[in-house]
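Undergrad: Below is the file protein01.json, which contains JSON, C-alpha atoms.
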[["chain", "number", "residue", "atom", "x", "y", "z"],
["A", 16, "MET", "CA", 60.00, -274.18, 90.59],
["A", 17, "THR", "CA", 58.52, -272.23, 87.69],
["A", 18, "ALA", "CA", 55.71, -269.77, 88.34],
["A", 19, "TYR", "CA", 53.89, -270.40, 85.07],
["A", 20, "ARG", "CA", 51.45, -273.24, 84.36],
["A", 21, "LEU", "CA", 51.43, -275.68, 81.46],
["A", 22, "ALA", "CA", 48.52, -276.44, 79.13],
["A", 23, "ALA", "CA", 48.03, -278.38, 75.90],
["A", 24, "SER", "CA", 45.64, -278.16, 72.96],
["A", 25, "ALA", "CA", 43.16, -281.02, 72.75],
["A", 26, "GLU", "CA", 42.75, -280.22, 69.06],
["A", 27, "MET", "CA", 46.20, -281.58, 68.15],
["A", 28, "LEU", "CA", 46.87, -284.51, 70.52],
["A", 29, "PHE", "CA", 45.33, -287.99, 71.02],
["A", 30, "LEU", "CA", 43.61, -287.60, 67.67],
["A", 31, "ASP", "CA", 42.37, -291.22, 67.66],
["A", 32, "LEU", "CA", 40.16, -290.52, 70.71],
["A", 33, "PRO", "CA", 36.77, -288.77, 71.02],
["A", 34, "PHE", "CA", 37.27, -285.12, 71.90],
["A", 35, "ALA", "CA", 36.12, -285.28, 75.53],
["A", 36, "GLU", "CA", 38.46, -288.22, 76.11],
["A", 37, "ARG", "CA", 41.36, -286.19, 74.68],
["A", 38, "VAL", "CA", 40.54, -283.48, 77.22],
["A", 39, "ARG", "CA", 40.52, -286.04, 80.04],
["A", 40, "ARG", "CA", 43.85, -287.54, 78.97],
["A", 41, "ILE", "CA", 45.54, -284.13, 78.92],
["A", 42, "ALA", "CA", 44.02, -283.13, 82.27],
["A", 43, "ASP", "CA", 44.92, -286.47, 83.86],
["A", 44, "ALA", "CA", 48.53, -285.86, 82.80],
["A", 45, "GLY", "CA", 48.51, -282.67, 84.88],
["A", 46, "PHE", "CA", 47.94, -280.03, 82.20],
["A", 47, "GLU", "CA", 45.32, -277.37, 81.64],
["A", 48, "VAL", "CA", 43.45, -277.73, 78.34],
["A", 49, "GLU", "CA", 42.93, -275.48, 75.33],
["A", 50, "ILE", "CA", 40.17, -275.90, 72.73],
["A", 51, "TRP", "CA", 39.28, -274.22, 69.46],
["A", 52, "ASP", "CA", 35.80, -273.98, 67.91],
["A", 53, "TRP", "CA", 33.22, -274.60, 70.63],
["A", 54, "THR", "CA", 30.35, -274.83, 68.12],
["A", 55, "VAL", "CA", 31.36, -278.37, 67.13],
["A", 56, "LYS", "CA", 31.79, -279.56, 70.73],
["A", 57, "ASP", "CA", 29.38, -280.98, 73.31],
["A", 58, "VAL", "CA", 29.86, -278.26, 75.91],
["A", 59, "ASP", "CA", 28.05, -280.19, 78.64],
["A", 60, "GLU", "CA", 30.38, -283.13, 78.03],
["A", 61, "LEU", "CA", 33.40, -280.84, 78.34],
["A", 62, "VAL", "CA", 32.09, -279.43, 81.61],
["A", 63, "ALA", "CA", 31.64, -282.97, 82.90],
["A", 64, "THR", "CA", 35.32, -283.79, 82.34],
["A", 65, "GLY", "CA", 36.23, -281.49, 85.22],
["A", 66, "ALA", "CA", 39.25, -280.30, 83.24],
["A", 67, "THR", "CA", 40.54, -276.75, 83.56],
["A", 68, "ILE", "CA", 39.78, -275.19, 80.18],
["A", 69, "THR", "CA", 42.25, -272.34, 80.00],
["A", 70, "SER", "CA", 41.63, -270.97, 76.49],
["A", 71, "MET", "CA", 39.09, -271.31, 73.68],
["A", 72, "THR", "CA", 38.37, -269.61, 70.37],
["A", 73, "GLY", "CA", 36.56, -266.37, 71.14],
["A", 74, "TYR", "CA", 34.48, -265.92, 68.01],
["A", 75, "VAL", "CA", 32.76, -268.04, 65.36],
["A", 76, "THR", "CA", 32.91, -265.83, 62.27],
["A", 77, "GLY", "CA", 33.96, -262.29, 61.50],
["A", 78, "THR", "CA", 36.99, -260.11, 60.90],
["A", 79, "LEU", "CA", 38.73, -257.19, 62.60],
["A", 80, "ALA", "CA", 39.20, -254.72, 59.81],
["A", 81, "ASP", "CA", 35.97, -254.19, 57.87],
["A", 82, "ALA", "CA", 32.73, -252.85, 59.31],
["A", 83, "ASP", "CA", 30.43, -255.78, 58.49],
["A", 84, "GLY", "CA", 33.00, -258.36, 59.53],
["A", 85, "ALA", "CA", 33.62, -256.52, 62.79],
["A", 86, "GLU", "CA", 29.94, -256.56, 63.70],
["A", 87, "GLU", "CA", 29.85, -260.30, 62.99],
["A", 88, "LEU", "CA", 32.94, -260.91, 65.09],
["A", 89, "LEU", "CA", 31.50, -258.98, 68.03],
["A", 90, "ARG", "CA", 28.14, -260.73, 67.75],
["A", 91, "THR", "CA", 29.72, -264.19, 67.77],
["A", 92, "ALA", "CA", 32.14, -263.14, 70.52],
["A", 93, "GLU", "CA", 29.13, -262.55, 72.76],
["A", 94, "ARG", "CA", 27.96, -266.10, 72.04],
["A", 95, "SER", "CA", 31.45, -267.34, 72.83],
["A", 96, "LEU", "CA", 31.48, -265.50, 76.15],
["A", 97, "ALA", "CA", 28.33, -267.34, 77.19],
["A", 98, "VAL", "CA", 30.06, -270.66, 76.51],
["A", 99, "ALA", "CA", 33.21, -269.48, 78.32],
["A", 100, "GLU", "CA", 31.03, -268.83, 81.35],
["A", 101, "ARG", "CA", 29.80, -272.44, 81.28],
["A", 102, "LEU", "CA", 33.35, -273.75, 80.90],
["A", 103, "ASP", "CA", 34.81, -271.27, 83.41],
["A", 104, "CYS", "CA", 37.34, -270.43, 80.69],
["A", 105, "PRO", "CA", 39.25, -267.19, 81.39],
["A", 106, "ARG", "CA", 40.71, -266.48, 77.92],
["A", 107, "LEU", "CA", 39.12, -266.29, 74.48],
["A", 108, "ASN", "CA", 41.35, -266.20, 71.43],
["A", 109, "VAL", "CA", 40.91, -264.16, 68.23],
["A", 110, "HIS", "CA", 42.85, -263.64, 64.99],
["A", 111, "GLY", "CA", 43.17, -260.91, 62.39],
["A", 112, "THR", "CA", 40.40, -262.54, 60.38],
["A", 113, "GLY", "CA", 38.32, -265.69, 60.48],
["A", 114, "LEU", "CA", 40.13, -268.86, 59.42],
["A", 115, "ASP", "CA", 38.64, -271.72, 57.41],
["A", 116, "GLY", "CA", 39.11, -275.43, 58.09],
["A", 117, "ARG", "CA", 42.55, -275.36, 56.46],
["A", 118, "GLY", "CA", 43.67, -272.34, 58.51],
["A", 119, "LEU", "CA", 43.38, -269.97, 55.54],
["A", 120, "PRO", "CA", 41.90, -266.50, 56.02],
["A", 121, "VAL", "CA", 38.24, -266.16, 55.12],
["A", 122, "VAL", "CA", 39.04, -262.61, 53.98],
["A", 123, "PRO", "CA", 42.66, -262.62, 52.78],
["A", 124, "SER", "CA", 44.54, -259.32, 52.75],
["A", 125, "LEU", "CA", 47.82, -259.00, 50.93],
["A", 126, "THR", "CA", 47.93, -255.30, 51.82],
["A", 127, "VAL", "CA", 46.80, -253.83, 55.14],
["A", 128, "THR", "CA", 45.77, -250.20, 54.74],
["A", 129, "PRO", "CA", 45.82, -247.46, 57.40],
["A", 130, "ALA", "CA", 42.02, -247.58, 57.43],
["A", 131, "MET", "CA", 42.15, -251.31, 58.21],
["A", 132, "TRP", "CA", 44.48, -250.63, 61.16],
["A", 133, "LEU", "CA", 42.06, -248.06, 62.56],
["A", 134, "THR", "CA", 39.06, -250.34, 62.12],
["A", 135, "ALA", "CA", 40.92, -253.24, 63.73],
["A", 136, "ALA", "CA", 41.89, -251.14, 66.76],
["A", 137, "ARG", "CA", 38.32, -249.91, 67.20],
["A", 138, "THR", "CA", 36.95, -253.44, 66.89],
["A", 139, "LEU", "CA", 39.41, -254.67, 69.51],
["A", 140, "GLU", "CA", 38.43, -251.81, 71.83],
["A", 141, "ARG", "CA", 34.82, -252.98, 71.63],
["A", 142, "LEU", "CA", 35.91, -256.58, 72.11],
["A", 143, "ALA", "CA", 37.87, -255.64, 75.23],
["A", 144, "ALA", "CA", 34.78, -253.88, 76.58],
["A", 145, "LEU", "CA", 32.79, -257.09, 76.10],
["A", 146, "GLY", "CA", 35.49, -258.98, 77.95],
["A", 147, "GLU", "CA", 35.50, -256.48, 80.79],
["A", 148, "ARG", "CA", 31.74, -256.78, 81.28],
["A", 149, "ALA", "CA", 31.99, -260.57, 81.30],
["A", 150, "GLY", "CA", 35.12, -260.75, 83.49],
["A", 151, "ARG", "CA", 37.08, -262.49, 80.70],
["A", 152, "VAL", "CA", 40.16, -261.67, 78.64],
["A", 153, "PHE", "CA", 40.38, -261.78, 74.86],
["A", 154, "THR", "CA", 43.78, -262.66, 73.42],
["A", 155, "LEU", "CA", 44.99, -261.67, 69.95],
["A", 156, "GLU", "CA", 47.20, -264.34, 68.40],
["A", 157, "ASN", "CA", 50.07, -263.76, 66.02],
["A", 158, "LEU", "CA", 50.24, -266.19, 63.08],
["A", 159, "ASN", "CA", 52.70, -266.91, 60.30],
["A", 160, "THR", "CA", 51.94, -266.23, 56.66],
["A", 161, "ALA", "CA", 54.87, -268.17, 55.16],
["A", 162, "VAL", "CA", 53.70, -271.71, 56.01],
["A", 163, "ASP", "CA", 50.31, -271.98, 57.72],
["A", 164, "HIS", "CA", 48.19, -268.87, 57.23],
["A", 165, "PRO", "CA", 49.07, -266.97, 54.02],
["A", 166, "GLY", "CA", 47.09, -263.79, 53.49],
["A", 167, "THR", "CA", 46.16, -263.26, 57.14],
["A", 168, "PRO", "CA", 46.22, -259.58, 58.11],
["A", 169, "PHE", "CA", 47.87, -258.39, 61.35],
["A", 170, "ALA", "CA", 49.72, -261.69, 61.50],
["A", 171, "ARG", "CA", 53.16, -260.80, 62.81],
["A", 172, "ALA", "CA", 53.84, -260.49, 66.52],
["A", 173, "GLU", "CA", 54.92, -256.93, 65.72],
["A", 174, "ASP", "CA", 51.38, -256.28, 64.45],
["A", 175, "THR", "CA", 49.55, -257.88, 67.37],
["A", 176, "ILE", "CA", 51.77, -256.03, 69.85],
["A", 177, "ALA", "CA", 50.96, -252.72, 68.16],
["A", 178, "LEU", "CA", 47.22, -253.38, 68.28],
["A", 179, "VAL", "CA", 47.17, -254.55, 71.89],
["A", 180, "GLU", "CA", 49.23, -251.54, 72.93],
["A", 181, "ALA", "CA", 46.88, -249.22, 71.02],
["A", 182, "VAL", "CA", 43.83, -250.60, 72.83],
["A", 183, "GLY", "CA", 45.52, -250.47, 76.24],
["A", 184, "SER", "CA", 43.04, -252.68, 78.11],
["A", 185, "PRO", "CA", 43.76, -255.55, 80.53],
["A", 186, "HIS", "CA", 40.90, -257.38, 78.81],
["A", 187, "LEU", "CA", 42.81, -257.54, 75.51],
["A", 188, "ARG", "CA", 46.16, -259.31, 75.74],
["A", 189, "LEU", "CA", 48.54, -261.12, 73.43],
["A", 190, "ASN", "CA", 48.42, -264.80, 72.67],
["A", 191, "LEU", "CA", 52.13, -264.92, 71.86],
["A", 192, "ASP", "CA", 52.60, -267.98, 69.67],
["A", 193, "LEU", "CA", 56.32, -268.70, 69.48],
["A", 194, "TYR", "CA", 55.97, -271.32, 66.73],
["A", 195, "HIS", "CA", 54.46, -268.70, 64.44],
["A", 196, "ALA", "CA", 56.92, -266.05, 65.62],
["A", 197, "GLN", "CA", 59.93, -268.25, 64.87],
["A", 198, "ILE", "CA", 58.78, -268.65, 61.26],
["A", 199, "GLY", "CA", 57.82, -265.01, 60.83],
["A", 200, "GLU", "CA", 60.33, -263.12, 62.96],
["A", 201, "GLY", "CA", 62.68, -265.26, 65.07],
["A", 202, "ASN", "CA", 64.76, -263.79, 67.91],
["A", 203, "LEU", "CA", 62.36, -265.34, 70.41],
["A", 204, "VAL", "CA", 63.97, -264.43, 73.72],
["A", 205, "GLN", "CA", 64.11, -260.74, 72.78],
["A", 206, "LEU", "CA", 60.51, -260.97, 71.54],
["A", 207, "VAL", "CA", 59.42, -262.45, 74.88],
["A", 208, "GLU", "CA", 61.23, -259.65, 76.72],
["A", 209, "ARG", "CA", 59.51, -257.03, 74.57],
["A", 210, "ALA", "CA", 56.03, -258.54, 74.64],
["A", 211, "LEU", "CA", 55.69, -260.02, 78.11],
["A", 212, "PRO", "CA", 53.96, -257.03, 79.76],
["A", 213, "LEU", "CA", 51.16, -257.48, 77.19],
["A", 214, "VAL", "CA", 50.95, -261.29, 77.23],
["A", 215, "GLY", "CA", 47.80, -263.16, 78.21],
["A", 216, "GLU", "CA", 49.24, -266.56, 77.31],
["A", 217, "ILE", "CA", 52.09, -268.13, 75.38],
["A", 218, "GLN", "CA", 51.78, -270.98, 72.89],
["A", 219, "VAL", "CA", 54.63, -273.16, 71.66],
["A", 220, "ALA", "CA", 55.58, -275.83, 69.14],
["A", 221, "ASP", "CA", 58.84, -276.55, 67.36],
["A", 222, "VAL", "CA", 59.94, -275.53, 63.86],
["A", 223, "PRO", "CA", 59.69, -277.08, 61.33],
["A", 224, "GLY", "CA", 56.77, -279.48, 61.67],
["A", 225, "ARG", "CA", 54.82, -277.86, 64.53],
["A", 226, "CYS", "CA", 55.49, -280.74, 66.91],
["A", 227, "GLU", "CA", 56.54, -280.79, 70.55],
["A", 228, "PRO", "CA", 59.74, -279.08, 71.83],
["A", 229, "GLY", "CA", 62.90, -281.01, 71.03],
["A", 230, "THR", "CA", 61.84, -281.98, 67.50],
["A", 231, "GLY", "CA", 63.16, -278.93, 65.67],
["A", 232, "GLU", "CA", 65.35, -275.86, 65.79],
["A", 233, "ILE", "CA", 64.03, -273.92, 68.79],
["A", 234, "HIS", "CA", 65.91, -274.33, 72.07],
["A", 235, "TYR", "CA", 62.89, -274.01, 74.33],
["A", 236, "PRO", "CA", 64.78, -274.43, 77.64],
["A", 237, "ALA", "CA", 66.37, -271.04, 76.85],
["A", 238, "VAL", "CA", 62.91, -269.55, 76.36],
["A", 239, "ALA", "CA", 61.78, -271.15, 79.63],
["A", 240, "ALA", "CA", 64.78, -269.67, 81.44],
["A", 241, "ALA", "CA", 63.87, -266.23, 80.10],
["A", 242, "LEU", "CA", 60.28, -266.64, 81.32],
["A", 243, "ASP", "CA", 61.60, -267.60, 84.76],
["A", 244, "ARG", "CA", 63.98, -264.64, 84.80],
["A", 245, "LEU", "CA", 61.17, -262.27, 83.84],
["A", 246, "GLY", "CA", 58.77, -263.68, 86.43],
["A", 247, "TYR", "CA", 56.09, -264.88, 84.00],
["A", 248, "ASP", "CA", 53.27, -266.52, 85.95],
["A", 249, "GLY", "CA", 50.72, -267.20, 83.20],
["A", 250, "VAL", "CA", 50.10, -270.19, 80.95],
["A", 251, "VAL", "CA", 52.48, -271.80, 78.45],
["A", 252, "ALA", "CA", 50.52, -274.08, 76.13],
["A", 253, "LEU", "CA", 51.62, -276.73, 73.67],
["A", 254, "GLU", "CA", 49.70, -276.04, 70.47],
["A", 255, "GLY", "CA", 51.44, -278.64, 68.37],
["A", 256, "TRP", "CA", 51.20, -282.14, 66.96],
["A", 257, "ALA", "CA", 52.82, -285.15, 68.56],
["A", 258, "SER", "CA", 55.79, -286.38, 66.54],
["A", 259, "GLY", "CA", 54.99, -289.87, 67.83],
["A", 260, "ASP", "CA", 53.25, -290.96, 71.01],
["A", 261, "PRO", "CA", 51.11, -288.07, 72.40],
["A", 262, "ALA", "CA", 51.91, -288.95, 76.03],
["A", 263, "GLN", "CA", 55.62, -288.78, 75.21],
["A", 264, "ALA", "CA", 55.08, -285.45, 73.45],
["A", 265, "LEU", "CA", 53.53, -284.06, 76.64],
["A", 266, "ASP", "CA", 56.48, -285.37, 78.65],
["A", 267, "ARG", "CA", 58.95, -283.70, 76.30],
["A", 268, "PHE", "CA", 57.00, -280.45, 76.49],
["A", 269, "ARG", "CA", 56.97, -280.57, 80.29],
["A", 270, "ASP", "CA", 60.68, -281.38, 80.39],
["A", 271, "ALA", "CA", 61.58, -278.44, 78.14],
["A", 272, "PHE", "CA", 59.71, -276.03, 80.40],
["A", 273, "THR", "CA", 60.74, -277.54, 83.73],
["A", 274, "ARG", "CA", 64.50, -277.70, 83.31],
["A", 275, "THR", "CA", 65.39, -274.09, 82.67],
["A", 276, "SER", "CA", 69.16, -274.20, 83.02]]
Please render this file's structure as structure tokens.
TA:
Amino acid sequence: MTAYRLAASAEMLFLDLPFAERVRRIADAGFEVEIWDWTVKDVDELVATGATITSMTGYVTGTLADADGAEELLRTAERSLAVAERLDCPRLNVHGTGLDGRGLPVVPSLTVTPAMWLTAARTLERLAALGERAGRVFTLENLNTAVDHPGTPFARAEDTIALVEAVGSPHLRLNLDLYHAQIGEGNLVQLVERALPLVGEIQVADVPGRCEPGTGEIHYPAVAAALDRLGYDGVVALEGWASGDPAQALDRFRDAFTRTS
């Protein structure tokens, strides 16, 4: 019996259904639920589903590495914390910079300067302090720049690990996205071993295509076995599209992370 719990993103499954019904379908299948931008959701309707919302986007606009963008990120993070309180959501996710509707960085950065690193670390320190006061955890997600998010600063898992270690707060953890890491870095089991003490949650999808486990090149049962061996007791979330039937995609995800031999 695995110690970790499984969740799935309502943003990428059951796309023919109204959003609250997607949340219900995922919860009824036995999973916790992740959401993205709360500003376009009916929060009262989400509360009424009774689903366990395990993660949500933790800001509306803003960036980590410039002064004005950092103030905007922190301001909208406070708004997000108020919504997390209503949803009883423990984790709020952030990125190196705001992303537009296509997943592209609002402020692209082809070069990340030492000054940007310092500003990002200071911004994340302030963000962790907000999380501590609210009793919530912010998670910093690694992304890939080759396929989905070109021009995003602090995108690699190597970068997010460095920033989370620099801040050194239990209220700032990693959202270790193994789909993005496979594209950007690979060597996933060793990455999990390196990063796990800093992890707040883990997200998965297969490569290529960003669909459920079993549709691409990643052997997720080996990752699951490593998580078992290391005693991970957090959340593993499917943040991927269904290659076909969404219910079957959830079954395949569960199977990959239940059979760990």
Undergrad: Compare A:Asp52, A:Glu147, A:Asp192, A:Glu60 by their minimum atom-to-atom distance to Pro33 (chain A), counting only C-alpha atoms, and give me the closest one.
TA: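 Ranked by minimum distance to Pro33 (chain A), first place goes to A:Glu60.
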Undergrad: Given the choices A:Asp260, A:Gly45, A:His234, A:Leu211, which gets closest to Gly246 (chain A) if the distance is worked out from all atoms listed in the file?
TA: A:Leu211
Undergrad: Any idea what's packed within 12 Å of Glu86 (chain A), counting only C-alpha atoms, ignoring anything in its chain fewer than 3 positions away? Could you give it as a ChimeraX atom specification?
TA: /A:74-83,89-93,134-135,137-139,141-142
Undergrad: What would the file look like if the residues just selected were written as a PDB file, in the frame of the given file with C-alpha atoms?
TA:
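And here is the file that came out, out_4.pdb:
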ATOM      1  CA  TYR A  74      34.480-265.920  68.010  1.00  0.00           C
ATOM      2  CA  VAL A  75      32.760-268.040  65.360  1.00  0.00           C
ATOM      3  CA  THR A  76      32.910-265.830  62.270  1.00  0.00           C
ATOM      4  CA  GLY A  77      33.960-262.290  61.500  1.00  0.00           C
ATOM      5  CA  THR A  78      36.990-260.110  60.900  1.00  0.00           C
ATOM      6  CA  LEU A  79      38.730-257.190  62.600  1.00  0.00           C
ATOM      7  CA  ALA A  80      39.200-254.720  59.810  1.00  0.00           C
ATOM      8  CA  ASP A  81      35.970-254.190  57.870  1.00  0.00           C
ATOM      9  CA  ALA A  82      32.730-252.850  59.310  1.00  0.00           C
ATOM     10  CA  ASP A  83      30.430-255.780  58.490  1.00  0.00           C
ATOM     11  CA  LEU A  89      31.500-258.980  68.030  1.00  0.00           C
ATOM     12  CA  ARG A  90      28.140-260.730  67.750  1.00  0.00           C
ATOM     13  CA  THR A  91      29.720-264.190  67.770  1.00  0.00           C
ATOM     14  CA  ALA A  92      32.140-263.140  70.520  1.00  0.00           C
ATOM     15  CA  GLU A  93      29.130-262.550  72.760  1.00  0.00           C
ATOM     16  CA  THR A 134      39.060-250.340  62.120  1.00  0.00           C
ATOM     17  CA  ALA A 135      40.920-253.240  63.730  1.00  0.00           C
ATOM     18  CA  ARG A 137      38.320-249.910  67.200  1.00  0.00           C
ATOM     19  CA  THR A 138      36.950-253.440  66.890  1.00  0.00           C
ATOM     20  CA  LEU A 139      39.410-254.670  69.510  1.00  0.00           C
ATOM     21  CA  ARG A 141      34.820-252.980  71.630  1.00  0.00           C
ATOM     22  CA  LEU A 142      35.910-256.580  72.110  1.00  0.00           C
TER      23      LEU A 142
END
Undergrad: From the list A:Val55, A:Ala241, A:Ala130, A:Val152, which residue is nearest Glu100 (chain A) when using only C-alpha atoms?
TA: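 Using only C-alpha atoms, the shortest distance to Glu100 (chain A) belongs to A:Val152.
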Undergrad: To one decimal in Å, tell me the separation between CA of Thr167 (chain A) and CA of Pro120 (chain A).
TA: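 Spanning CA of Thr167 (chain A) to CA of Pro120 (chain A) is a straight-line distance of 5.5 Å.
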Undergrad: Work out where the centre of an axis-aligned box around every listed atom of region 33-52 of chain A lies and how long its edges are once 6 Å is added on each side; give both in Å to one decimal as AutoDock Vina command-line options.
TA:
--center_x 42.2 --center_y -281.4 --center_z 76.4 --size_x 24.7 --size_y 26.8 --size_z 29.0
Undergrad: Env of region 62-68 of chain A: 8 Å cut, atoms = all atoms listed in the file, seq-sep filter 2 positions within chain, self excluded. Answer as a PyMOL selection string.
TA: chain A and resi 35+38-39+42+47-50+58-60+70-71+101-104
Undergrad: Rank nothing, just name the residue among A:Thr273, A:Asn157, A:Thr72, A:Thr54 nearest to Pro236 (chain A), using only C-alpha atoms.
TA: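 Looking only at the distances to Pro236 (chain A), the closest residue turns out to be A:Thr273.
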Undergrad: With distances taken over all atoms listed in the file, which of A:Met131, A:Val204, A:Val182, A:Ala25 is nearest to Ala237 (chain A)?
TA: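 Closest candidate: A:Val204.
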Undergrad: I want to know what sits within 8 Å of Tyr247 (chain A), based on all atoms listed in the file, with residues of the same chain fewer than 3 positions away left out; could you give that as a JSON list (two decimals) with C-alpha atoms, in the coordinates of the input?
TA:
[["chain", "number", "residue", "atom", "x", "y", "z"],
["A", 18, "ALA", "CA", 55.71, -269.77, 88.34],
["A", 19, "TYR", "CA", 53.89, -270.40, 85.07],
["A", 211, "LEU", "CA", 55.69, -260.02, 78.11],
["A", 242, "LEU", "CA", 60.28, -266.64, 81.32],
["A", 243, "ASP", "CA", 61.60, -267.60, 84.76],
["A", 244, "ARG", "CA", 63.98, -264.64, 84.80]]
Undergrad: Could you check the closest approach to Phe272 (chain A) for each of A:Trp53, A:Thr230, A:Glu87, A:Val219 and tell me which residue wins, using only C-alpha atoms?
TA: A:Val219
Undergrad: Can you tell me which residues surround Ile217 (chain A) at a distance of at most 9 Å, considering all atoms listed in the file, apart from same-chain residues fewer than 3 positions away, and format the answer as a VMD selection string?
TA: chain A and resid 189 to 193 214 249 to 253
Undergrad: Name the residues in contact with Gly255 (chain A) at a cut-off of 7 Å, using only C-alpha atoms, excluding same-chain residues fewer than 5 positions from it; report them as an MDAnalysis selection string.
TA: chainID A and resid 27 220 225:227
